[in-house]
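S.K.: Just my_file-v8.pdb, nothing more (PDB, C-alpha atoms and all ligand atoms):
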ATOM      1  CA  MET U   1     -16.681  18.635  10.140
ATOM      2  CA  LYS U   2     -15.228  17.037   7.054
ATOM      3  CA  ASP U   3     -11.461  17.286   6.701
ATOM      4  CA  ASN U   4     -10.617  18.147   3.109
ATOM      5  CA  ASN U   5      -6.866  18.184   3.469
ATOM      6  CA  ILE U   6      -4.636  15.874   1.472
ATOM      7  CA  TYR U   7      -2.527  13.670   3.715
ATOM      8  CA  MET U   8       0.281  11.953   1.867
ATOM      9  CA  GLY U   9       3.231   9.987   3.095
ATOM     10  CA  CYS U  10       5.066   6.725   2.747
ATOM     11  CA  HIS U  11       6.368   3.796   4.649
ATOM     12  CA  LEU U  12       9.313   4.839   6.856
ATOM     13  CA  SER U  13      11.959   2.890   8.735
ATOM     14  CA  SER U  14      11.418   2.923  12.492
ATOM     15  CA  THR U  15      15.089   2.203  13.260
ATOM     16  CA  GLY U  16      15.751   5.728  14.591
ATOM     17  CA  GLY U  17      12.593   5.902  16.699
ATOM     18  CA  PHE U  18       9.406   7.976  16.564
ATOM     19  CA  ARG U  19      10.754  11.511  16.462
ATOM     20  CA  ALA U  20      13.167  10.600  13.665
ATOM     21  CA  MET U  21      10.267   9.295  11.571
ATOM     22  CA  GLY U  22       8.391  12.556  12.039
ATOM     23  CA  GLU U  23      11.446  14.530  10.979
ATOM     24  CA  THR U  24      12.034  12.311   7.953
ATOM     25  CA  ALA U  25       8.384  12.703   6.969
ATOM     26  CA  LEU U  26       8.656  16.511   7.098
ATOM     27  CA  SER U  27      11.882  16.429   5.072
ATOM     28  CA  ILE U  28      10.118  14.709   2.143
ATOM     29  CA  GLY U  29       6.955  16.804   2.246
ATOM     30  CA  ALA U  30       4.853  14.150   3.962
ATOM     31  CA  ASN U  31       2.114  14.857   6.505
ATOM     32  CA  THR U  32       1.384  11.255   7.438
ATOM     33  CA  PHE U  33       3.420   8.050   7.356
ATOM     34  CA  ALA U  34       3.437   4.326   7.951
ATOM     35  CA  PHE U  35       5.853   2.214   9.955
ATOM     36  CA  PHE U  36       6.197  -1.342  11.153
ATOM     37  CA  THR U  37       5.383  -1.792  14.818
ATOM     38  CA  ARG U  38       8.097  -4.467  15.019
ATOM     39  CA  ASN U  39      10.466  -6.297  12.703
ATOM     40  CA  PRO U  40       8.314  -7.016   9.621
ATOM     41  CA  ARG U  41       9.701 -10.537   9.287
ATOM     42  CA  GLY U  42      10.939 -11.653  12.694
ATOM     43  CA  GLY U  43       8.259 -10.110  14.868
ATOM     44  CA  LYS U  44      10.551  -8.695  17.571
ATOM     45  CA  ALA U  45       9.749  -5.262  18.979
ATOM     46  CA  LYS U  46      12.074  -2.587  20.324
ATOM     47  CA  ASP U  47      11.334  -0.899  23.642
ATOM     48  CA  ILE U  48       9.485   2.389  23.279
ATOM     49  CA  VAL U  49      11.102   5.465  24.828
ATOM     50  CA  PRO U  50       8.208   7.546  26.235
ATOM     51  CA  GLU U  51       9.971  10.895  25.610
ATOM     52  CA  ASP U  52      10.566   9.912  21.990
ATOM     53  CA  ALA U  53       6.895   9.031  21.473
ATOM     54  CA  ALA U  54       5.830  12.272  23.190
ATOM     55  CA  ALA U  55       8.137  14.284  20.925
ATOM     56  CA  LEU U  56       6.485  12.748  17.860
ATOM     57  CA  CYS U  57       2.982  13.422  19.213
ATOM     58  CA  GLU U  58       3.922  17.075  19.710
ATOM     59  CA  MET U  59       5.262  17.253  16.157
ATOM     60  CA  LEU U  60       2.122  15.646  14.718
ATOM     61  CA  ARG U  61       0.004  18.314  16.407
ATOM     62  CA  ALA U  62       2.232  21.249  15.538
ATOM     63  CA  GLU U  63       2.654  20.258  11.897
ATOM     64  CA  LYS U  64      -1.002  19.192  11.477
ATOM     65  CA  PHE U  65      -0.319  15.628  10.376
ATOM     66  CA  GLY U  66      -3.112  13.296   9.371
ATOM     67  CA  LYS U  67      -3.545   9.947  11.083
ATOM     68  CA  LEU U  68      -0.566   7.608  11.045
ATOM     69  CA  VAL U  69      -1.060   4.130   9.633
ATOM     70  CA  ALA U  70       1.118   1.607  11.486
ATOM     71  CA  HIS U  71       1.530  -1.785   9.860
ATOM     72  CA  ALA U  72       1.596  -5.180  11.584
ATOM     73  CA  PRO U  73       4.391  -7.545  10.488
ATOM     74  CA  TYR U  74       3.778  -9.504   7.281
ATOM     75  CA  THR U  75       4.553 -12.768   9.001
ATOM     76  CA  LEU U  76       1.458 -12.723  11.184
ATOM     77  CA  ASN U  77      -1.218 -15.098  10.017
ATOM     78  CA  PRO U  78      -4.367 -14.814  12.119
ATOM     79  CA  CYS U  79      -6.028 -17.616  10.118
ATOM     80  CA  SER U  80      -3.233 -20.159   9.905
ATOM     81  CA  ALA U  81      -4.220 -23.805  10.240
ATOM     82  CA  LYS U  82      -1.598 -24.059  13.006
ATOM     83  CA  GLU U  83      -2.700 -22.945  16.426
ATOM     84  CA  SER U  84       0.843 -21.882  17.378
ATOM     85  CA  VAL U  85       0.937 -19.470  14.400
ATOM     86  CA  ARG U  86      -2.472 -18.020  15.284
ATOM     87  CA  GLU U  87      -1.354 -17.671  18.895
ATOM     88  CA  PHE U  88       1.775 -15.791  17.790
ATOM     89  CA  ALA U  89      -0.440 -13.363  15.827
ATOM     90  CA  PHE U  90      -2.546 -12.893  18.952
ATOM     91  CA  MET U  91       0.481 -12.178  21.123
ATOM     92  CA  ALA U  92       2.114  -9.780  18.673
ATOM     93  CA  MET U  93      -1.094  -7.879  17.968
ATOM     94  CA  SER U  94      -2.096  -7.579  21.642
ATOM     95  CA  ASP U  95       1.341  -6.217  22.404
ATOM     96  CA  ASP U  96       1.056  -3.833  19.435
ATOM     97  CA  MET U  97      -2.252  -2.508  20.798
ATOM     98  CA  ILE U  98      -0.436  -1.516  23.997
ATOM     99  CA  ARG U  99       2.503  -0.041  22.078
ATOM    100  CA  MET U 100       0.196   1.976  19.799
ATOM    101  CA  GLU U 101      -1.172   3.814  22.847
ATOM    102  CA  SER U 102       2.156   5.657  23.079
ATOM    103  CA  VAL U 103       0.996   7.487  19.923
ATOM    104  CA  PRO U 104      -2.724   7.614  20.734
ATOM    105  CA  GLY U 105      -5.550   7.924  18.235
ATOM    106  CA  ASN U 106      -3.868   6.502  15.152
ATOM    107  CA  TYR U 107      -4.429   3.500  12.869
ATOM    108  CA  TYR U 108      -3.012  -0.027  12.946
ATOM    109  CA  ASN U 109      -3.311  -1.927   9.677
ATOM    110  CA  PHE U 110      -2.927  -5.668   9.209
ATOM    111  CA  HIS U 111      -3.274  -8.317   6.516
ATOM    112  CA  PRO U 112      -6.250 -10.528   7.352
ATOM    113  CA  GLY U 113      -4.130 -13.569   6.531
ATOM    114  CA  SER U 114      -4.135 -16.718   4.430
ATOM    115  CA  HIS U 115      -6.496 -19.563   5.248
ATOM    116  CA  VAL U 116      -4.034 -22.095   3.782
ATOM    117  CA  GLY U 117      -6.646 -24.518   2.540
ATOM    118  CA  GLN U 118      -8.960 -24.334   5.559
ATOM    119  CA  GLY U 119     -11.499 -22.441   3.464
ATOM    120  CA  VAL U 120     -12.369 -18.770   3.486
ATOM    121  CA  GLU U 121     -15.266 -19.164   5.944
ATOM    122  CA  LYS U 122     -13.056 -20.753   8.566
ATOM    123  CA  GLY U 123     -10.416 -18.075   7.927
ATOM    124  CA  ILE U 124     -12.951 -15.304   8.442
ATOM    125  CA  LYS U 125     -14.096 -16.852  11.739
ATOM    126  CA  GLN U 126     -10.538 -17.167  13.037
ATOM    127  CA  ILE U 127      -9.657 -13.567  12.101
ATOM    128  CA  ALA U 128     -12.761 -12.239  13.857
ATOM    129  CA  GLU U 129     -12.063 -14.403  16.921
ATOM    130  CA  LEU U 130      -8.584 -12.951  17.179
ATOM    131  CA  LEU U 131      -9.908  -9.393  16.867
ATOM    132  CA  ASN U 132     -12.486 -10.076  19.560
ATOM    133  CA  ARG U 133      -9.648 -11.163  21.848
ATOM    134  CA  ILE U 134      -7.365  -8.178  21.254
ATOM    135  CA  LEU U 135      -9.753  -5.199  21.061
ATOM    136  CA  ARG U 136     -10.476  -3.232  24.243
ATOM    137  CA  PRO U 137     -13.218  -0.613  24.766
ATOM    138  CA  GLU U 138     -10.677   1.873  26.188
ATOM    139  CA  GLN U 139      -8.171   1.719  23.303
ATOM    140  CA  THR U 140      -7.749   4.808  21.111
ATOM    141  CA  THR U 141      -6.315   2.931  18.128
ATOM    142  CA  THR U 142      -8.503   1.937  15.194
ATOM    143  CA  VAL U 143      -7.545  -1.414  13.669
ATOM    144  CA  LEU U 144      -7.734  -1.592   9.884
ATOM    145  CA  LEU U 145      -8.213  -4.652   7.700
ATOM    146  CA  GLU U 146      -6.262  -4.271   4.472
ATOM    147  CA  THR U 147      -7.907  -5.191   1.169
ATOM    148  CA  MET U 148      -5.754  -7.921  -0.387
ATOM    149  CA  ALA U 149      -4.766  -8.996  -3.903
ATOM    150  CA  GLY U 150      -5.984 -12.568  -3.429
ATOM    151  CA  LYS U 151      -2.600 -14.178  -3.844
ATOM    152  CA  GLY U 152      -2.681 -17.856  -2.846
ATOM    153  CA  SER U 153      -5.321 -18.330  -0.147
ATOM    154  CA  GLU U 154      -5.367 -14.722   1.080
ATOM    155  CA  VAL U 155      -8.568 -13.658   2.797
ATOM    156  CA  GLY U 156      -9.864 -10.139   2.128
ATOM    157  CA  SER U 157      -9.580  -9.747  -1.640
ATOM    158  CA  ARG U 158     -13.373  -9.503  -1.922
ATOM    159  CA  PHE U 159     -15.197  -6.680  -0.156
ATOM    160  CA  GLU U 160     -17.733  -9.301   0.990
ATOM    161  CA  GLU U 161     -15.017 -11.100   2.981
ATOM    162  CA  ILE U 162     -13.960  -7.883   4.709
ATOM    163  CA  ARG U 163     -17.605  -7.172   5.506
ATOM    164  CA  GLU U 164     -18.047 -10.634   6.993
ATOM    165  CA  ILE U 165     -15.056 -10.150   9.285
ATOM    166  CA  LEU U 166     -16.340  -6.733  10.386
ATOM    167  CA  ASP U 167     -19.805  -8.168  11.058
ATOM    168  CA  ARG U 168     -18.330 -10.673  13.498
ATOM    169  CA  VAL U 169     -16.300  -8.171  15.529
ATOM    170  CA  GLU U 170     -18.039  -6.990  18.685
ATOM    171  CA  LEU U 171     -16.252  -3.648  19.175
ATOM    172  CA  SER U 172     -17.002  -2.552  15.632
ATOM    173  CA  ASP U 173     -16.243   1.124  16.297
ATOM    174  CA  LYS U 174     -12.593   0.110  16.805
ATOM    175  CA  MET U 175     -12.461  -1.304  13.255
ATOM    176  CA  GLY U 176     -11.970   0.124   9.778
ATOM    177  CA  VAL U 177     -10.571  -0.729   6.353
ATOM    178  CA  CYS U 178      -7.439   0.299   4.469
ATOM    179  CA  LEU U 179      -7.828   0.128   0.702
ATOM    180  CA  ASP U 180      -4.666  -0.718  -1.240
ATOM    181  CA  THR U 181      -4.953   0.463  -4.855
ATOM    182  CA  CYS U 182      -2.552  -2.197  -6.197
ATOM    183  CA  HIS U 183      -4.309  -4.941  -4.261
ATOM    184  CA  VAL U 184      -7.863  -4.037  -5.288
ATOM    185  CA  SER U 185      -6.835  -3.840  -8.937
ATOM    186  CA  ASP U 186      -5.042  -7.180  -8.682
ATOM    187  CA  ALA U 187      -8.168  -8.521  -6.995
ATOM    188  CA  GLY U 188     -10.246  -7.538 -10.049
ATOM    189  CA  TYR U 189     -11.793  -4.191  -9.036
ATOM    190  CA  ASP U 190     -11.056  -1.736 -11.848
ATOM    191  CA  ILE U 191     -10.221   1.244  -9.657
ATOM    192  CA  ALA U 192      -8.027   2.790 -12.377
ATOM    193  CA  ALA U 193     -10.719   2.896 -15.067
ATOM    194  CA  ASP U 194     -13.767   3.470 -12.878
ATOM    195  CA  PRO U 195     -13.025   4.604  -9.308
ATOM    196  CA  ASP U 196     -16.649   5.736  -8.816
ATOM    197  CA  LYS U 197     -17.940   2.258  -9.520
ATOM    198  CA  VAL U 198     -15.442   0.594  -7.185
ATOM    199  CA  LEU U 199     -16.185   3.068  -4.395
ATOM    200  CA  ALA U 200     -19.928   2.571  -4.920
ATOM    201  CA  GLU U 201     -19.366  -1.168  -4.611
ATOM    202  CA  PHE U 202     -17.300  -0.629  -1.455
ATOM    203  CA  ASP U 203     -20.073   1.544  -0.070
ATOM    204  CA  LYS U 204     -22.764  -1.010  -0.873
ATOM    205  CA  VAL U 205     -20.895  -3.975   0.624
ATOM    206  CA  ILE U 206     -18.917  -2.450   3.514
ATOM    207  CA  GLY U 207     -19.947   1.214   3.849
ATOM    208  CA  LEU U 208     -17.622   4.069   2.916
ATOM    209  CA  GLU U 209     -17.636   5.344   6.503
ATOM    210  CA  LYS U 210     -15.488   2.303   7.330
ATOM    211  CA  LEU U 211     -12.789   3.336   4.856
ATOM    212  CA  LYS U 212     -10.076   5.004   6.957
ATOM    213  CA  ALA U 213      -6.870   4.905   4.894
ATOM    214  CA  LEU U 214      -5.414   4.272   1.443
ATOM    215  CA  HIS U 215      -2.279   2.438   0.376
ATOM    216  CA  VAL U 216      -1.349   4.197  -2.848
ATOM    217  CA  ASN U 217       0.589   1.918  -5.181
ATOM    218  CA  ASP U 218       0.777   1.233  -8.872
ATOM    219  CA  SER U 219       0.700  -2.430  -9.898
ATOM    220  CA  MET U 220       3.151  -4.397 -12.034
ATOM    221  CA  ASN U 221       0.327  -6.697 -13.096
ATOM    222  CA  PRO U 222      -2.999  -6.373 -14.887
ATOM    223  CA  LEU U 223      -6.485  -6.201 -13.396
ATOM    224  CA  GLY U 224      -7.463  -9.451 -11.671
ATOM    225  CA  SER U 225      -3.961 -10.949 -11.717
ATOM    226  CA  HIS U 226      -3.914 -11.782  -7.957
ATOM    227  CA  LYS U 227      -0.176 -11.135  -7.890
ATOM    228  CA  ASP U 228       0.562  -8.263  -5.441
ATOM    229  CA  ARG U 229       3.675  -6.685  -6.939
ATOM    230  CA  HIS U 230       3.781  -2.935  -6.293
ATOM    231  CA  ALA U 231       5.113  -0.562  -8.961
ATOM    232  CA  ARG U 232       6.203   3.059  -8.698
ATOM    233  CA  ILE U 233       3.453   5.589  -9.435
ATOM    234  CA  GLY U 234       3.106   5.861 -13.216
ATOM    235  CA  GLU U 235       5.241   2.798 -13.929
ATOM    236  CA  GLY U 236       2.484   0.232 -13.615
ATOM    237  CA  THR U 237      -0.878  -0.796 -15.029
ATOM    238  CA  LEU U 238      -2.886   1.803 -13.082
ATOM    239  CA  GLY U 239      -0.982   4.883 -14.241
ATOM    240  CA  CYS U 240      -0.278   8.256 -12.724
ATOM    241  CA  GLU U 241      -3.491   9.983 -13.821
ATOM    242  CA  ALA U 242      -5.707   7.226 -12.457
ATOM    243  CA  ILE U 243      -3.882   7.244  -9.135
ATOM    244  CA  ARG U 244      -4.095  11.022  -8.915
ATOM    245  CA  ARG U 245      -7.856  10.748  -9.495
ATOM    246  CA  ILE U 246      -8.144   8.319  -6.602
ATOM    247  CA  VAL U 247      -6.042  10.407  -4.204
ATOM    248  CA  HIS U 248      -8.115  13.523  -5.006
ATOM    249  CA  HIS U 249     -11.488  11.765  -5.118
ATOM    250  CA  PRO U 250     -13.977  13.872  -3.153
ATOM    251  CA  LYS U 251     -15.297  10.787  -1.354
ATOM    252  CA  LEU U 252     -11.796  10.012  -0.081
ATOM    253  CA  ALA U 253     -10.935  13.482   1.191
ATOM    254  CA  GLY U 254      -9.057  13.600   4.485
ATOM    255  CA  LEU U 255      -7.891   9.971   4.417
ATOM    256  CA  PRO U 256      -4.179   9.278   4.953
ATOM    257  CA  CYS U 257      -2.607   8.133   1.661
ATOM    258  CA  ILE U 258       0.431   5.907   2.167
ATOM    259  CA  LEU U 259       2.872   5.076  -0.627
ATOM    260  CA  GLU U 260       4.342   1.568  -0.510
ATOM    261  CA  THR U 261       6.090   1.799  -3.851
ATOM    262  CA  PRO U 262       9.610   0.431  -4.449
ATOM    263  CA  ASN U 263      11.495   3.666  -3.686
ATOM    264  CA  GLU U 264      14.095   5.354  -1.552
ATOM    265  CA  LEU U 265      13.250   8.592   0.251
ATOM    266  CA  ASP U 266      13.990  10.872  -2.724
ATOM    267  CA  GLY U 267      11.671   8.769  -4.895
ATOM    268  CA  TYR U 268       8.924   9.085  -2.284
ATOM    269  CA  ALA U 269       9.462  12.852  -2.108
ATOM    270  CA  LYS U 270       8.919  13.041  -5.881
ATOM    271  CA  GLU U 271       5.806  10.891  -5.773
ATOM    272  CA  ILE U 272       4.317  12.932  -2.944
ATOM    273  CA  LYS U 273       4.908  16.133  -4.883
ATOM    274  CA  MET U 274       3.538  14.632  -8.084
ATOM    275  CA  LEU U 275       0.331  13.380  -6.427
ATOM    276  CA  LYS U 276      -0.359  16.359  -4.183
TER     277      LYS U 276
HETATM  278 FE    FE A 301       0.128  -4.280   3.672
HETATM  279 FE    FE A 302      -0.595  -2.306   1.224
HETATM  280 ZN    ZN A 303       0.973  -5.407  -1.397
END
For this file, produce the structure as structure tokens.
Ligand code: FE
Ligand code: FE
Ligand code: ZN
M.R.:
Amino acid sequence: MKDNNIYMGCHLSSTGGFRAMGETALSIGANTFAFFTRNPRGGKAKDIVPEDAAALCEMLRAEKFGKLVAHAPYTLNPCSAKESVREFAFMAMSDDMIRMESVPGNYYNFHPGSHVGQGVEKGIKQIAELLNRILRPEQTTTVLLETMAGKGSEVGSRFEEIREILDRVELSDKMGVCLDTCHVSDAGYDIAADPDKVLAEFDKVIGLEKLKALHVNDSMNPLGSHKDRHARIGEGTLGCEAIRRIVHHPKLAGLPCILETPNELDGYAKEIKMLK
């Protein structure tokens, strides 16, 4: 059965643990959220307290949350030219797969990475290799590739690149895509002016059934700028109306919508209210 609810939330700090994130989410009118699985820059992870994770799971059920969208650290680069960097991504992501099972059945999003001059084909191969090493048939987490702005040598700014990665992953039912509205616009897909066309393109190249989550951001830069600077909703080049159209698009119903705009909690609360 199709879920037609609107699930909106934002990126939350995980400093206080799982239950605290659930409570913060409720306090700002959110019914989903994102969090870093470990320090976004350093890569270190805190120990998980099982009772704390269980308390969040209970809250998610009771309050009818949508799927959560955890985020891998920014510093991981699965397609670095350096083997030690790729190996670090492997170690962090394998550990994250185990950690995610303390909140079963949710999403884990990551940036495909930057090929740093190795070429996009080589990058795609390395990303898929890493995924084939970390995915397990018994896991309940779905891993999402995030659509990127195409800054520097980022892989994943074209839907074709995402499709190529997905094609090379063996456990394909463990994989999905997270579409970032700022990133796709920066990548050159005019999602603000013509969301139907961009979604039709996504469907043709990747398949809309693979789209599992949205990152809802305005952009400081124009279409095709390849910059990746998020703006608050309505303060960027996409605009509030366009973003509202995307969030309420019938083809995107039921997907968790995560704000990653430059805001504090009260700003997120306002944006959630405005977009719902
Ligand atoms: Fe991201
Ligand atoms: Fe994002
Ligand atoms: Zn971004």
S.K.: Any idea what's packed within 9 Å of stretch 25-37 of chain U, counting all atoms listed in the file, ignoring anything in its chain fewer than 2 positions away? Could you give it as number ranges by chain?
M.R.: U: 6-14, 20-23, 39-40, 43, 45-46, 60, 63-73, 96, 99-100, 108, 256-260, 265-266, 268-270, 272-273
S.K.: Please identify all protein, DNA and RNA residues within 7 Å of ligand FE 302 (chain A), counting only C-alpha atoms and all ligand atoms, and report them as a VMD selection string.
M.R.: chain U and resid 146 180 215 260
S.K.: Let me know the centre plus edge lengths, in Å and rounded to one decimal, of a box with edges along x, y and z that contains all listed atoms of stretch 204-212 of chain U and is padded by 6 Å on every side, as AutoDock Vina command-line options.
M.R.:
--center_x -16.4 --center_y 0.7 --center_z 3.2 --size_x 24.7 --size_y 21.3 --size_z 20.2
S.K.: Could you check how far atom CA of U:Ala149 sits from atom CA of U:Arg133, in Å to one decimal?
M.R.: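 Straight-line distance from atom CA of U:Ala149 to atom CA of U:Arg133 works out to 26.3 Å.
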S.K.: Applying 6 Å and all atoms listed in the file, which residues near U:Gly113 remain after dropping the ones on its own chain fewer than 4 positions away? List them as a list of chain:residue names.
M.R.: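 With the cut-off at 6 Å, the set is U:Asn77, U:Pro78, U:Cys79, U:Glu154, U:Val155.
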S.K.: Rounded to one decimal, what separation in Å do you get between atom CA of U:Ser225 and atom CA of U:Met148?
M.R.: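 Pair atom CA of U:Ser225 / atom CA of U:Met148 returns 11.9 Å.
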S.K.: May I have the residues within 12 Å of ligand ZN 303 (chain A), computed using only C-alpha atoms and all ligand atoms, as a PDB file with C-alpha atoms, keeping the file's coordinate frame?
M.R.:
ATOM      1  CA  HIS U  71       1.530  -1.785   9.860  1.00  0.00           C
ATOM      2  CA  TYR U  74       3.778  -9.504   7.281  1.00  0.00           C
ATOM      3  CA  PHE U 110      -2.927  -5.668   9.209  1.00  0.00           C
ATOM      4  CA  HIS U 111      -3.274  -8.317   6.516  1.00  0.00           C
ATOM      5  CA  GLU U 146      -6.262  -4.271   4.472  1.00  0.00           C
ATOM      6  CA  THR U 147      -7.907  -5.191   1.169  1.00  0.00           C
ATOM      7  CA  MET U 148      -5.754  -7.921  -0.387  1.00  0.00           C
ATOM      8  CA  ALA U 149      -4.766  -8.996  -3.903  1.00  0.00           C
ATOM      9  CA  GLY U 150      -5.984 -12.568  -3.429  1.00  0.00           C
ATOM     10  CA  LYS U 151      -2.600 -14.178  -3.844  1.00  0.00           C
ATOM     11  CA  GLU U 154      -5.367 -14.722   1.080  1.00  0.00           C
ATOM     12  CA  SER U 157      -9.580  -9.747  -1.640  1.00  0.00           C
ATOM     13  CA  CYS U 178      -7.439   0.299   4.469  1.00  0.00           C
ATOM     14  CA  LEU U 179      -7.828   0.128   0.702  1.00  0.00           C
ATOM     15  CA  ASP U 180      -4.666  -0.718  -1.240  1.00  0.00           C
ATOM     16  CA  THR U 181      -4.953   0.463  -4.855  1.00  0.00           C
ATOM     17  CA  CYS U 182      -2.552  -2.197  -6.197  1.00  0.00           C
ATOM     18  CA  HIS U 183      -4.309  -4.941  -4.261  1.00  0.00           C
ATOM     19  CA  VAL U 184      -7.863  -4.037  -5.288  1.00  0.00           C
ATOM     20  CA  SER U 185      -6.835  -3.840  -8.937  1.00  0.00           C
ATOM     21  CA  ASP U 186      -5.042  -7.180  -8.682  1.00  0.00           C
ATOM     22  CA  ALA U 187      -8.168  -8.521  -6.995  1.00  0.00           C
ATOM     23  CA  LEU U 214      -5.414   4.272   1.443  1.00  0.00           C
ATOM     24  CA  HIS U 215      -2.279   2.438   0.376  1.00  0.00           C
ATOM     25  CA  VAL U 216      -1.349   4.197  -2.848  1.00  0.00           C
ATOM     26  CA  ASN U 217       0.589   1.918  -5.181  1.00  0.00           C
ATOM     27  CA  ASP U 218       0.777   1.233  -8.872  1.00  0.00           C
ATOM     28  CA  SER U 219       0.700  -2.430  -9.898  1.00  0.00           C
ATOM     29  CA  MET U 220       3.151  -4.397 -12.034  1.00  0.00           C
ATOM     30  CA  ASN U 221       0.327  -6.697 -13.096  1.00  0.00           C
ATOM     31  CA  HIS U 226      -3.914 -11.782  -7.957  1.00  0.00           C
ATOM     32  CA  LYS U 227      -0.176 -11.135  -7.890  1.00  0.00           C
ATOM     33  CA  ASP U 228       0.562  -8.263  -5.441  1.00  0.00           C
ATOM     34  CA  ARG U 229       3.675  -6.685  -6.939  1.00  0.00           C
ATOM     35  CA  HIS U 230       3.781  -2.935  -6.293  1.00  0.00           C
ATOM     36  CA  ALA U 231       5.113  -0.562  -8.961  1.00  0.00           C
ATOM     37  CA  ILE U 258       0.431   5.907   2.167  1.00  0.00           C
ATOM     38  CA  LEU U 259       2.872   5.076  -0.627  1.00  0.00           C
ATOM     39  CA  GLU U 260       4.342   1.568  -0.510  1.00  0.00           C
ATOM     40  CA  THR U 261       6.090   1.799  -3.851  1.00  0.00           C
ATOM     41  CA  PRO U 262       9.610   0.431  -4.449  1.00  0.00           C
TER      42      PRO U 262
END
S.K.: Residues picked by the PyMOL selection byres (((chain U and resi 247-253) around 9) and not hetatm) here, as a PyMOL selection string?
M.R.: chain U and resi 2-8+195-196+199+208+211-214+216+242-246+254-257+275-276
S.K.: For the provided coordinates, the residues matched by the PyMOL selection byres (((chain U and resi 57) around 9) and not hetatm) should be stated as a PDB file with C-alpha atoms, keeping the file's coordinate frame.
M.R.:
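Heads up, here's the output in selection06.pdb:
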ATOM      1  CA  PHE U  18       9.406   7.976  16.564  1.00  0.00           C
ATOM      2  CA  ARG U  19      10.754  11.511  16.462  1.00  0.00           C
ATOM      3  CA  ASP U  52      10.566   9.912  21.990  1.00  0.00           C
ATOM      4  CA  ALA U  53       6.895   9.031  21.473  1.00  0.00           C
ATOM      5  CA  ALA U  54       5.830  12.272  23.190  1.00  0.00           C
ATOM      6  CA  ALA U  55       8.137  14.284  20.925  1.00  0.00           C
ATOM      7  CA  LEU U  56       6.485  12.748  17.860  1.00  0.00           C
ATOM      8  CA  GLU U  58       3.922  17.075  19.710  1.00  0.00           C
ATOM      9  CA  MET U  59       5.262  17.253  16.157  1.00  0.00           C
ATOM     10  CA  LEU U  60       2.122  15.646  14.718  1.00  0.00           C
ATOM     11  CA  ARG U  61       0.004  18.314  16.407  1.00  0.00           C
ATOM     12  CA  ALA U  62       2.232  21.249  15.538  1.00  0.00           C
ATOM     13  CA  SER U 102       2.156   5.657  23.079  1.00  0.00           C
ATOM     14  CA  VAL U 103       0.996   7.487  19.923  1.00  0.00           C
ATOM     15  CA  PRO U 104      -2.724   7.614  20.734  1.00  0.00           C
TER      16      PRO U 104
END
S.K.: With distances taken over all atoms listed in the file, which residue among U:Ala193, U:Met97, U:Met175, U:Ile165 lies nearest U:Gln139?
M.R.: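 Closest residue, counting all atoms listed in the file: U:Met97.
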S.K.: When distances are computed from all atoms listed in the file, which of U:Arg163, U:Arg86, U:Lys174, U:Arg168 shows the smallest separation from U:Asp203?
M.R.: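 Among U:Arg163, U:Arg86, U:Lys174, U:Arg168, it is U:Arg163 that comes nearest to U:Asp203.
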